[in-house]
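Structure file target.txt; described as compact mmCIF, C-alpha atoms and all ligand atoms.
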# COMPACT_ATOMS: atom_id res chain seq x y z
CA MET A 1 -25.22 -5.02 -33.03
CA ARG A 2 -22.29 -4.39 -35.34
CA ILE A 3 -22.37 -6.03 -38.75
CA VAL A 4 -19.23 -6.02 -40.86
CA VAL A 5 -19.67 -6.55 -44.60
CA GLY A 6 -16.54 -7.88 -46.28
CA SER A 7 -15.38 -9.83 -49.29
CA GLY A 8 -12.25 -11.74 -50.22
CA LYS A 9 -11.74 -9.39 -53.17
CA GLY A 10 -13.14 -6.19 -54.65
CA GLY A 11 -16.03 -6.06 -57.09
CA THR A 12 -18.22 -8.77 -55.57
CA GLY A 13 -20.98 -6.40 -54.41
CA LYS A 14 -19.86 -5.70 -50.85
CA THR A 15 -20.85 -2.02 -50.95
CA PHE A 16 -24.06 -2.92 -52.78
CA LEU A 17 -24.97 -5.26 -49.93
CA SER A 18 -24.04 -2.90 -47.09
CA VAL A 19 -25.70 0.18 -48.60
CA ASN A 20 -28.91 -1.71 -49.39
CA LEU A 21 -28.99 -3.28 -45.93
CA PHE A 22 -28.63 0.15 -44.34
CA CYS A 23 -31.45 1.63 -46.47
CA PHE A 24 -33.65 -1.43 -45.94
CA LEU A 25 -33.37 -1.19 -42.13
CA GLU A 26 -33.72 2.59 -42.22
CA GLU A 27 -36.90 2.27 -44.27
CA GLN A 28 -38.40 0.16 -41.47
CA GLY A 29 -37.60 2.80 -38.87
CA ILE A 30 -34.89 0.67 -37.24
CA PRO A 31 -32.11 2.84 -35.75
CA VAL A 32 -29.09 2.13 -37.94
CA SER A 33 -25.78 3.75 -38.74
CA PHE A 34 -23.19 3.18 -41.43
CA ALA A 35 -19.42 3.46 -41.66
CA ASP A 36 -17.56 3.24 -44.95
CA CYS A 37 -14.29 1.68 -43.76
CA ASP A 38 -12.95 1.15 -47.27
CA VAL A 39 -10.71 4.12 -46.52
CA GLU A 40 -8.50 3.88 -49.59
CA GLU A 41 -11.45 4.12 -51.94
CA PRO A 42 -14.66 4.98 -50.09
CA ASN A 43 -17.64 5.06 -52.46
CA ALA A 44 -20.75 4.48 -50.36
CA ASP A 45 -21.46 8.22 -50.60
CA LEU A 46 -22.38 7.69 -54.26
CA PHE A 47 -25.54 6.02 -52.92
CA LEU A 48 -26.00 7.32 -49.38
CA LYS A 49 -26.60 11.04 -49.65
CA GLY A 50 -25.98 12.41 -46.20
CA GLU A 51 -25.68 16.00 -45.05
CA VAL A 52 -22.10 16.58 -43.89
CA LYS A 53 -22.13 17.64 -40.23
CA SER A 54 -18.40 17.71 -39.57
CA VAL A 55 -15.06 16.65 -40.96
CA GLU A 56 -12.26 15.58 -38.66
CA THR A 57 -8.61 15.11 -39.47
CA VAL A 58 -6.90 11.93 -38.31
CA PHE A 59 -3.33 12.36 -37.13
CA GLN A 60 -0.54 10.13 -35.97
CA ASN A 61 2.14 11.27 -33.54
CA LEU A 62 5.58 10.52 -34.91
CA PRO A 63 8.76 10.66 -32.85
CA VAL A 64 11.52 12.94 -34.09
CA ILE A 65 15.08 12.37 -32.91
CA ASP A 66 17.37 15.31 -32.28
CA THR A 67 20.70 13.79 -33.29
CA ALA A 68 22.58 16.67 -31.62
CA ALA A 69 21.13 15.71 -28.23
CA CYS A 70 21.19 11.94 -28.86
CA THR A 71 23.98 10.00 -27.13
CA PHE A 72 23.31 6.89 -29.26
CA CYS A 73 22.72 4.83 -26.15
CA GLY A 74 20.19 2.67 -28.05
CA LYS A 75 17.60 2.51 -25.27
CA CYS A 76 14.76 3.77 -27.51
CA HIS A 77 15.64 1.08 -30.06
CA ASP A 78 15.42 -1.58 -27.33
CA TYR A 79 12.04 -0.25 -26.16
CA CYS A 80 10.47 -0.19 -29.63
CA ALA A 81 8.40 -3.36 -30.02
CA PHE A 82 7.67 -2.60 -33.68
CA ASN A 83 11.23 -2.40 -35.03
CA ALA A 84 10.52 1.14 -36.13
CA ILE A 85 13.86 2.55 -35.02
CA MET A 86 16.89 1.87 -37.19
CA PHE A 87 19.96 2.08 -35.00
CA ILE A 88 23.63 1.39 -35.75
CA LYS A 89 25.70 2.25 -32.68
CA ASN A 90 29.22 2.36 -34.18
CA LEU A 91 28.06 4.50 -37.10
CA GLU A 92 26.05 6.76 -34.75
CA TYR A 93 23.09 6.28 -37.03
CA ILE A 94 19.50 6.46 -35.84
CA SER A 95 16.23 7.03 -37.70
CA ILE A 96 12.52 6.32 -37.40
CA SER A 97 10.48 4.38 -39.94
CA GLU A 98 7.15 6.24 -40.26
CA GLU A 99 5.56 3.15 -41.82
CA LEU A 100 6.44 0.86 -38.91
CA CYS A 101 5.83 3.32 -36.08
CA HIS A 102 2.66 2.54 -34.10
CA ASP A 103 2.64 5.78 -32.10
CA CYS A 104 3.02 3.89 -28.82
CA GLY A 105 5.25 6.48 -27.15
CA ALA A 106 7.66 3.93 -25.66
CA CYS A 107 10.74 5.58 -27.20
CA LEU A 108 9.83 8.97 -25.69
CA TYR A 109 9.50 7.30 -22.32
CA ALA A 110 12.81 5.48 -22.78
CA CYS A 111 14.99 8.42 -23.75
CA GLU A 112 16.78 9.92 -20.75
CA PHE A 113 18.42 12.69 -22.78
CA ASP A 114 15.38 14.57 -24.06
CA ALA A 115 16.45 13.76 -27.58
CA ILE A 116 13.00 12.68 -28.78
CA SER A 117 10.07 14.98 -29.47
CA GLU A 118 6.88 14.39 -31.46
CA LYS A 119 5.40 15.78 -34.65
CA LYS A 120 1.92 15.23 -36.02
CA LYS A 121 1.46 13.52 -39.34
CA GLU A 122 -1.91 13.83 -41.12
CA LEU A 123 -3.22 10.40 -42.14
CA GLY A 124 -6.63 11.23 -43.53
CA LYS A 125 -10.10 12.53 -42.83
CA VAL A 126 -13.32 11.23 -41.33
CA ARG A 127 -16.63 12.76 -42.38
CA ILE A 128 -19.69 12.58 -40.15
CA MET A 129 -22.96 12.86 -42.02
CA GLN A 130 -26.66 12.55 -41.36
CA SER A 131 -29.09 10.77 -43.66
CA THR A 132 -32.45 12.33 -44.56
CA LYS A 133 -34.01 10.04 -41.94
CA GLY A 134 -31.62 11.33 -39.28
CA ASN A 135 -29.28 8.35 -39.09
CA ARG A 136 -25.53 8.64 -38.88
CA ILE A 137 -23.28 7.91 -41.85
CA VAL A 138 -19.51 8.09 -41.50
CA ASP A 139 -16.76 7.64 -44.01
CA GLY A 140 -12.99 7.68 -43.84
CA LEU A 141 -10.46 8.64 -46.49
CA THR A 142 -6.75 7.94 -46.17
CA ASN A 143 -4.31 10.45 -47.64
CA ILE A 144 -2.38 9.34 -50.70
CA GLY A 145 0.95 7.81 -49.72
CA VAL A 146 -0.14 6.80 -46.21
CA TYR A 147 1.08 3.27 -45.63
CA SER A 148 -1.87 1.95 -43.61
CA GLY A 149 -5.49 3.01 -43.29
CA VAL A 150 -5.98 1.23 -39.97
CA ARG A 151 -5.96 4.36 -37.85
CA VAL A 152 -8.48 6.11 -40.12
CA ILE A 153 -10.73 3.04 -39.93
CA LYS A 154 -10.59 3.06 -36.14
CA SER A 155 -11.44 6.77 -36.04
CA ALA A 156 -14.38 6.27 -38.42
CA VAL A 157 -15.85 3.40 -36.38
CA LYS A 158 -15.48 5.40 -33.17
CA LYS A 159 -17.68 8.12 -34.67
CA LEU A 160 -20.66 5.76 -34.94
CA GLU A 161 -21.12 6.06 -31.18
CA ASN A 162 -23.46 3.07 -30.74
CA GLN A 163 -26.31 4.47 -32.78
CA GLY A 164 -28.49 1.38 -33.29
CA VAL A 165 -27.48 -1.38 -35.70
CA GLU A 166 -24.06 -0.44 -37.04
CA ILE A 167 -23.08 -1.50 -40.55
CA LEU A 168 -19.39 -1.41 -41.39
CA ASP A 169 -18.44 -1.62 -45.05
CA ALA A 170 -14.99 -3.22 -44.79
CA PRO A 171 -12.08 -2.86 -47.21
CA PRO A 172 -11.87 -5.76 -49.70
CA GLY A 173 -9.37 -8.58 -49.16
CA THR A 174 -8.14 -10.16 -45.97
CA SER A 175 -5.21 -7.94 -44.99
CA CYS A 176 -4.81 -5.66 -41.98
CA PRO A 177 -7.54 -3.09 -42.87
CA PHE A 178 -10.13 -5.87 -43.24
CA VAL A 179 -9.01 -7.58 -40.02
CA THR A 180 -9.19 -4.26 -38.15
CA THR A 181 -12.74 -3.62 -39.40
CA ALA A 182 -13.84 -7.21 -38.75
CA SER A 183 -12.45 -7.03 -35.21
CA PHE A 184 -15.20 -4.49 -34.41
CA GLY A 185 -18.00 -6.76 -35.65
CA ASP A 186 -20.45 -8.99 -33.80
CA TYR A 187 -21.23 -10.64 -37.12
CA VAL A 188 -19.44 -10.67 -40.48
CA ILE A 189 -21.26 -10.98 -43.80
CA LEU A 190 -18.97 -12.20 -46.58
CA VAL A 191 -20.16 -11.31 -50.05
CA THR A 192 -19.04 -13.46 -52.95
CA GLU A 193 -19.86 -14.49 -56.49
CA PRO A 194 -20.83 -18.04 -57.53
CA THR A 195 -17.62 -18.61 -59.50
CA TRP A 196 -14.38 -20.51 -58.91
CA PHE A 197 -12.54 -17.18 -58.54
CA GLY A 198 -15.15 -16.07 -56.03
CA LEU A 199 -14.78 -19.31 -54.12
CA ASN A 200 -11.00 -19.00 -53.95
CA ASP A 201 -11.19 -15.54 -52.36
CA LEU A 202 -14.10 -16.55 -50.16
CA LYS A 203 -12.05 -19.41 -48.70
CA LEU A 204 -9.33 -16.94 -47.65
CA ALA A 205 -11.92 -14.66 -46.06
CA VAL A 206 -13.55 -17.62 -44.25
CA GLU A 207 -10.16 -18.70 -42.91
CA THR A 208 -9.57 -15.15 -41.62
CA VAL A 209 -12.91 -14.73 -39.82
CA ARG A 210 -12.74 -18.26 -38.44
CA GLY A 211 -9.28 -17.43 -37.07
CA MET A 212 -10.81 -14.37 -35.43
CA LYS A 213 -13.62 -16.53 -33.99
CA LYS A 214 -16.26 -14.28 -35.51
CA GLU A 215 -19.78 -15.41 -36.25
CA PHE A 216 -20.31 -15.10 -40.00
CA GLY A 217 -22.48 -15.97 -42.97
CA VAL A 218 -22.28 -15.64 -46.74
CA VAL A 219 -24.29 -13.80 -49.36
CA ILE A 220 -23.89 -15.01 -52.93
CA ASN A 221 -24.31 -12.07 -55.26
CA ARG A 222 -25.14 -12.22 -58.99
CA ALA A 223 -26.33 -15.80 -58.68
CA GLY A 224 -27.44 -17.50 -61.91
CA ASP A 225 -28.56 -20.90 -63.15
CA GLY A 226 -25.08 -22.16 -64.00
CA GLU A 227 -22.37 -23.88 -62.01
CA ASP A 228 -22.27 -22.80 -58.34
CA PRO A 229 -19.18 -24.13 -56.55
CA VAL A 230 -19.76 -21.69 -53.67
CA SER A 231 -23.05 -23.26 -52.52
CA ASP A 232 -21.45 -26.73 -52.50
CA TYR A 233 -18.54 -25.40 -50.44
CA LEU A 234 -20.87 -23.71 -47.92
CA LYS A 235 -22.85 -26.93 -47.46
CA LYS A 236 -19.69 -28.98 -47.00
CA GLU A 237 -18.27 -26.50 -44.47
CA GLY A 238 -21.57 -25.97 -42.64
CA ILE A 239 -21.46 -22.21 -43.30
CA GLU A 240 -24.69 -20.24 -43.15
CA LEU A 241 -25.94 -19.04 -46.52
CA LEU A 242 -27.76 -15.80 -45.72
CA ALA A 243 -29.06 -15.14 -49.21
CA LYS A 244 -28.58 -15.56 -52.92
CA ILE A 245 -29.10 -12.35 -54.86
CA PRO A 246 -29.88 -13.22 -58.47
CA PHE A 247 -28.14 -11.51 -61.35
CA ASP A 248 -30.67 -9.05 -62.71
CA HIS A 249 -30.13 -6.32 -65.32
CA LYS A 250 -32.67 -4.10 -63.56
CA ILE A 251 -30.68 -4.24 -60.29
CA ALA A 252 -27.46 -3.40 -62.14
CA LYS A 253 -29.18 -0.48 -63.91
CA TRP A 254 -30.65 1.01 -60.72
CA TYR A 255 -27.34 0.66 -58.97
CA SER A 256 -25.42 2.29 -61.83
CA GLU A 257 -27.88 5.21 -61.60
CA GLY A 258 -27.07 5.64 -57.91
CA LYS A 259 -30.49 4.28 -56.87
CA ILE A 260 -31.03 1.87 -53.99
CA PRO A 261 -32.33 -1.34 -55.62
CA VAL A 262 -33.89 -2.75 -52.43
CA LEU A 263 -36.21 0.26 -52.34
CA GLU A 264 -37.21 -0.35 -55.97
CA SER A 265 -37.70 -4.12 -56.15
CA SER A 266 -40.16 -6.20 -54.12
CA ASP A 267 -38.14 -9.38 -54.91
CA LEU A 268 -35.00 -7.84 -53.48
CA HIS A 269 -37.02 -6.57 -50.53
CA LYS A 270 -37.96 -10.19 -49.70
CA ILE A 271 -34.31 -11.26 -49.91
CA PHE A 272 -33.23 -8.52 -47.51
CA TYR A 273 -36.08 -9.36 -45.18
CA GLU A 274 -34.69 -12.90 -45.07
CA ILE A 275 -31.20 -11.57 -44.27
CA GLN A 276 -32.69 -9.42 -41.49
CA ARG A 277 -34.51 -12.43 -40.07
CA LYS A 278 -31.38 -14.59 -40.10
CA LEU A 279 -29.36 -11.84 -38.42
CA LYS A 280 -32.12 -11.51 -35.78
CA ILE A 281 -32.31 -7.73 -36.15
S1 LIG B 1 6.43 5.54 -30.89
FE1 LIG B 1 6.55 3.35 -30.37
S2 LIG B 1 6.49 2.36 -32.38
FE2 LIG B 1 7.00 4.47 -32.77
S3 LIG B 1 9.20 4.50 -32.85
FE3 LIG B 1 8.61 5.00 -30.74
S4 LIG B 1 8.65 3.05 -29.66
FE4 LIG B 1 8.65 2.57 -31.85
S1 LIG B 2 17.22 6.79 -26.14
FE1 LIG B 2 17.54 8.92 -26.67
S2 LIG B 2 19.71 9.20 -26.49
FE2 LIG B 2 19.41 7.01 -26.54
S3 LIG B 2 19.60 6.49 -28.73
FE3 LIG B 2 17.46 6.90 -28.37
S4 LIG B 2 17.18 9.04 -28.87
FE4 LIG B 2 19.35 8.70 -28.61
Re-express the file's structure as structure tokens.
Ligand code: SF4
Ligand code: SF4
Amino acid sequence: MRIVVGSGKGGTGKTFLSVNLFCFLEEQGIPVSFADCDVEEPNADLFLKGEVKSVETVFQNLPVIDTAACTFCGKCHDYCAFNAIMFIKNLEYISISEELCHDCGACLYACEFDAISEKKKELGKVRIMQSTKGNRIVDGLTNIGVYSGVRVIKSAVKKLENQGVEILDAPPGTSCPFVTTASFGDYVILVTEPTWFGLNDLKLAVETVRGMKKEFGVVINRAGDGEDPVSDYLKKEGIELLAKIPFDHKIAKWYSEGKIPVLESSDLHKIFYEIQRKLKI
């Protein structure tokens, strides 16, 4: 089973939830693996101390046009479904947009004049680690200046290799990197806060996962006694509330010290047991 943990925005406790869920399942001897797919700012390794087994570089093939050999026929431009080739026939101008190129190879196939070759562009790295209990932890890091982390995310997820329950810590927000990560999931946990801001971002995330026809539920983090517009919304929309994690100074302190709160607190243990039960793990 693949569980994706996401949130409509950063800072809601998404990594807290995914890291604690991983350690909670691991503690019970359940085979589990973890991928930090927040590839612009991975930080799960602050809490999950794995031994690094290997580091792999993620590349993209980029077409390069030899303008001396190019006849400016425009066929590659017609073949490119991603509008990645800028072509102005009367000016004999042609160039590739690295940001838009999807490395599909269609332009190479199209060119009859051998005017297109390929170069490799480094996009980032994927680290494969092993936890002290022998489970796999993977994280991806996109190089600075790389337009999209999607390819690094895909490489990281591939490295999990179906090792038990797979937990994917998704990038925050609802843009492409989140959608890519969520597309791998059997179930999506959306983490939010019980505030109007939290609700606003949660609604966007709900819309996205509903559009993807993914099964999902919500965890309300830092719940208190005050106003809770999120619970009302979940009831109205018939969305499963997986758990409410109360705001607790002790939890915040353990977490800030790099400790795993679910391994320290029996109350939190019960909450994660409830999440496990609802997810039928
Ligand atoms: S590799 Fe594909 S996406 Fe990239 S420029 Fe060529 S046709 Fe377009
Ligand atoms: S298909 Fe080849 S020759 Fe034609 S415009 Fe593209 S690169 Fe130039």
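In this comparison, which uses all atoms listed in the file, the residue of A:Cys101, A:Phe24, A:Gly11, A:Asn61 approaching A:Leu268 most closely is A:Phe24.
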For ligand LIG 1 (chain B), return the neighbouring residues as a ChimeraX atom specification (distance at most 6 Å; all atoms listed in the file). /A:63,79-80,82,84-85,96,101-107
Surroundings of ligand LIG 2 (chain B) up to 7 Å, based on only C-alpha atoms and all ligand atoms, as a VMD selection string: chain A and resid 65 69 to 77 107 110 to 116
So how many Å separate atom CA of A:Ile167 and atom CA of A:Asp139, to one decimal?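 Computing the Euclidean distance for atom CA of A:Ile167 and atom CA of A:Asp139 yields 11.6 Å.
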Could you name the residues that touch A:Val52 at 8 Å or less, counting all atoms listed in the file, but leaving out those on the same chain fewer than 2 positions away, as a PyMOL selection string? chain A and resi 50+54-55+127-130
What's the 7 Å shell around A:Pro171, counting only C-alpha atoms, without same-chain residues fewer than 6 positions away, as number ranges by chain? A: 6, 37-38, 177-178
Counting all atoms listed in the file, which residue out of A:Leu204, A:Lys259, A:Ile239, A:Gly198 sits closest to A:Val218?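 Closest to A:Val218 of all the choices is A:Ile239.
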Test item: residues at most 12 Å from A:Val209, only C-alpha atoms, excluding those fewer than 4 positions along its chain, as a ChimeraX atom specification: /A:4-8,173-175,178-190,202-205,213-218,239
Write a file of the selected residues as a short mmCIF file (atom, residue, chain, number, x, y, z; two decimals), in the coordinates of the input, keeping C-alpha atoms.
data_model
loop_
_atom_site.label_atom_id
_atom_site.label_comp_id
_atom_site.auth_asym_id
_atom_site.auth_seq_id
_atom_site.Cartn_x
_atom_site.Cartn_y
_atom_site.Cartn_z
CA VAL A 4 -19.23 -6.02 -40.86
CA VAL A 5 -19.67 -6.55 -44.60
CA GLY A 6 -16.54 -7.88 -46.28
CA SER A 7 -15.38 -9.83 -49.29
CA GLY A 8 -12.25 -11.74 -50.22
CA GLY A 173 -9.37 -8.58 -49.16
CA THR A 174 -8.14 -10.16 -45.97
CA SER A 175 -5.21 -7.94 -44.99
CA PHE A 178 -10.13 -5.87 -43.24
CA VAL A 179 -9.01 -7.58 -40.02
CA THR A 180 -9.19 -4.26 -38.15
CA THR A 181 -12.74 -3.62 -39.40
CA ALA A 182 -13.84 -7.21 -38.75
CA SER A 183 -12.45 -7.03 -35.21
CA PHE A 184 -15.20 -4.49 -34.41
CA GLY A 185 -18.00 -6.76 -35.65
CA ASP A 186 -20.45 -8.99 -33.80
CA TYR A 187 -21.23 -10.64 -37.12
CA VAL A 188 -19.44 -10.67 -40.48
CA ILE A 189 -21.26 -10.98 -43.80
CA LEU A 190 -18.97 -12.20 -46.58
CA LEU A 202 -14.10 -16.55 -50.16
CA LYS A 203 -12.05 -19.41 -48.70
CA LEU A 204 -9.33 -16.94 -47.65
CA ALA A 205 -11.92 -14.66 -46.06
CA LYS A 213 -13.62 -16.53 -33.99
CA LYS A 214 -16.26 -14.28 -35.51
CA GLU A 215 -19.78 -15.41 -36.25
CA PHE A 216 -20.31 -15.10 -40.00
CA GLY A 217 -22.48 -15.97 -42.97
CA VAL A 218 -22.28 -15.64 -46.74
CA ILE A 239 -21.46 -22.21 -43.30
#
Could you check which of A:Gly134, A:Gly140, A:Gly29, A:Pro172 is closest to A:Lys14, using only C-alpha atoms? A:Pro172
Could you pull the residues within 12 Å of A:Ala223, counting only C-alpha atoms, minus those fewer than 3 positions along the same chain, as a list of chain:residue names? A:Thr12, A:Gly13, A:Val191, A:Thr192, A:Glu193, A:Pro194, A:Thr195, A:Gly198, A:Val219, A:Ile220, A:Gly226, A:Glu227, A:Asp228, A:Pro229, A:Val230, A:Ser231, A:Ala243, A:Lys244, A:Ile245, A:Pro246, A:Phe247, A:Asp248
Please measure the separation of atom CA of A:Ile144 and atom CA of A:Phe22, giving the value in Å to one decimal.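 Atom CA of A:Phe22 lies 28.5 Å from atom CA of A:Ile144.
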Measuring atom to atom with only C-alpha atoms, identify which of A:Glu56, A:Tyr93, A:Arg136, A:Asp232 is nearest to A:Gly124. A:Glu56
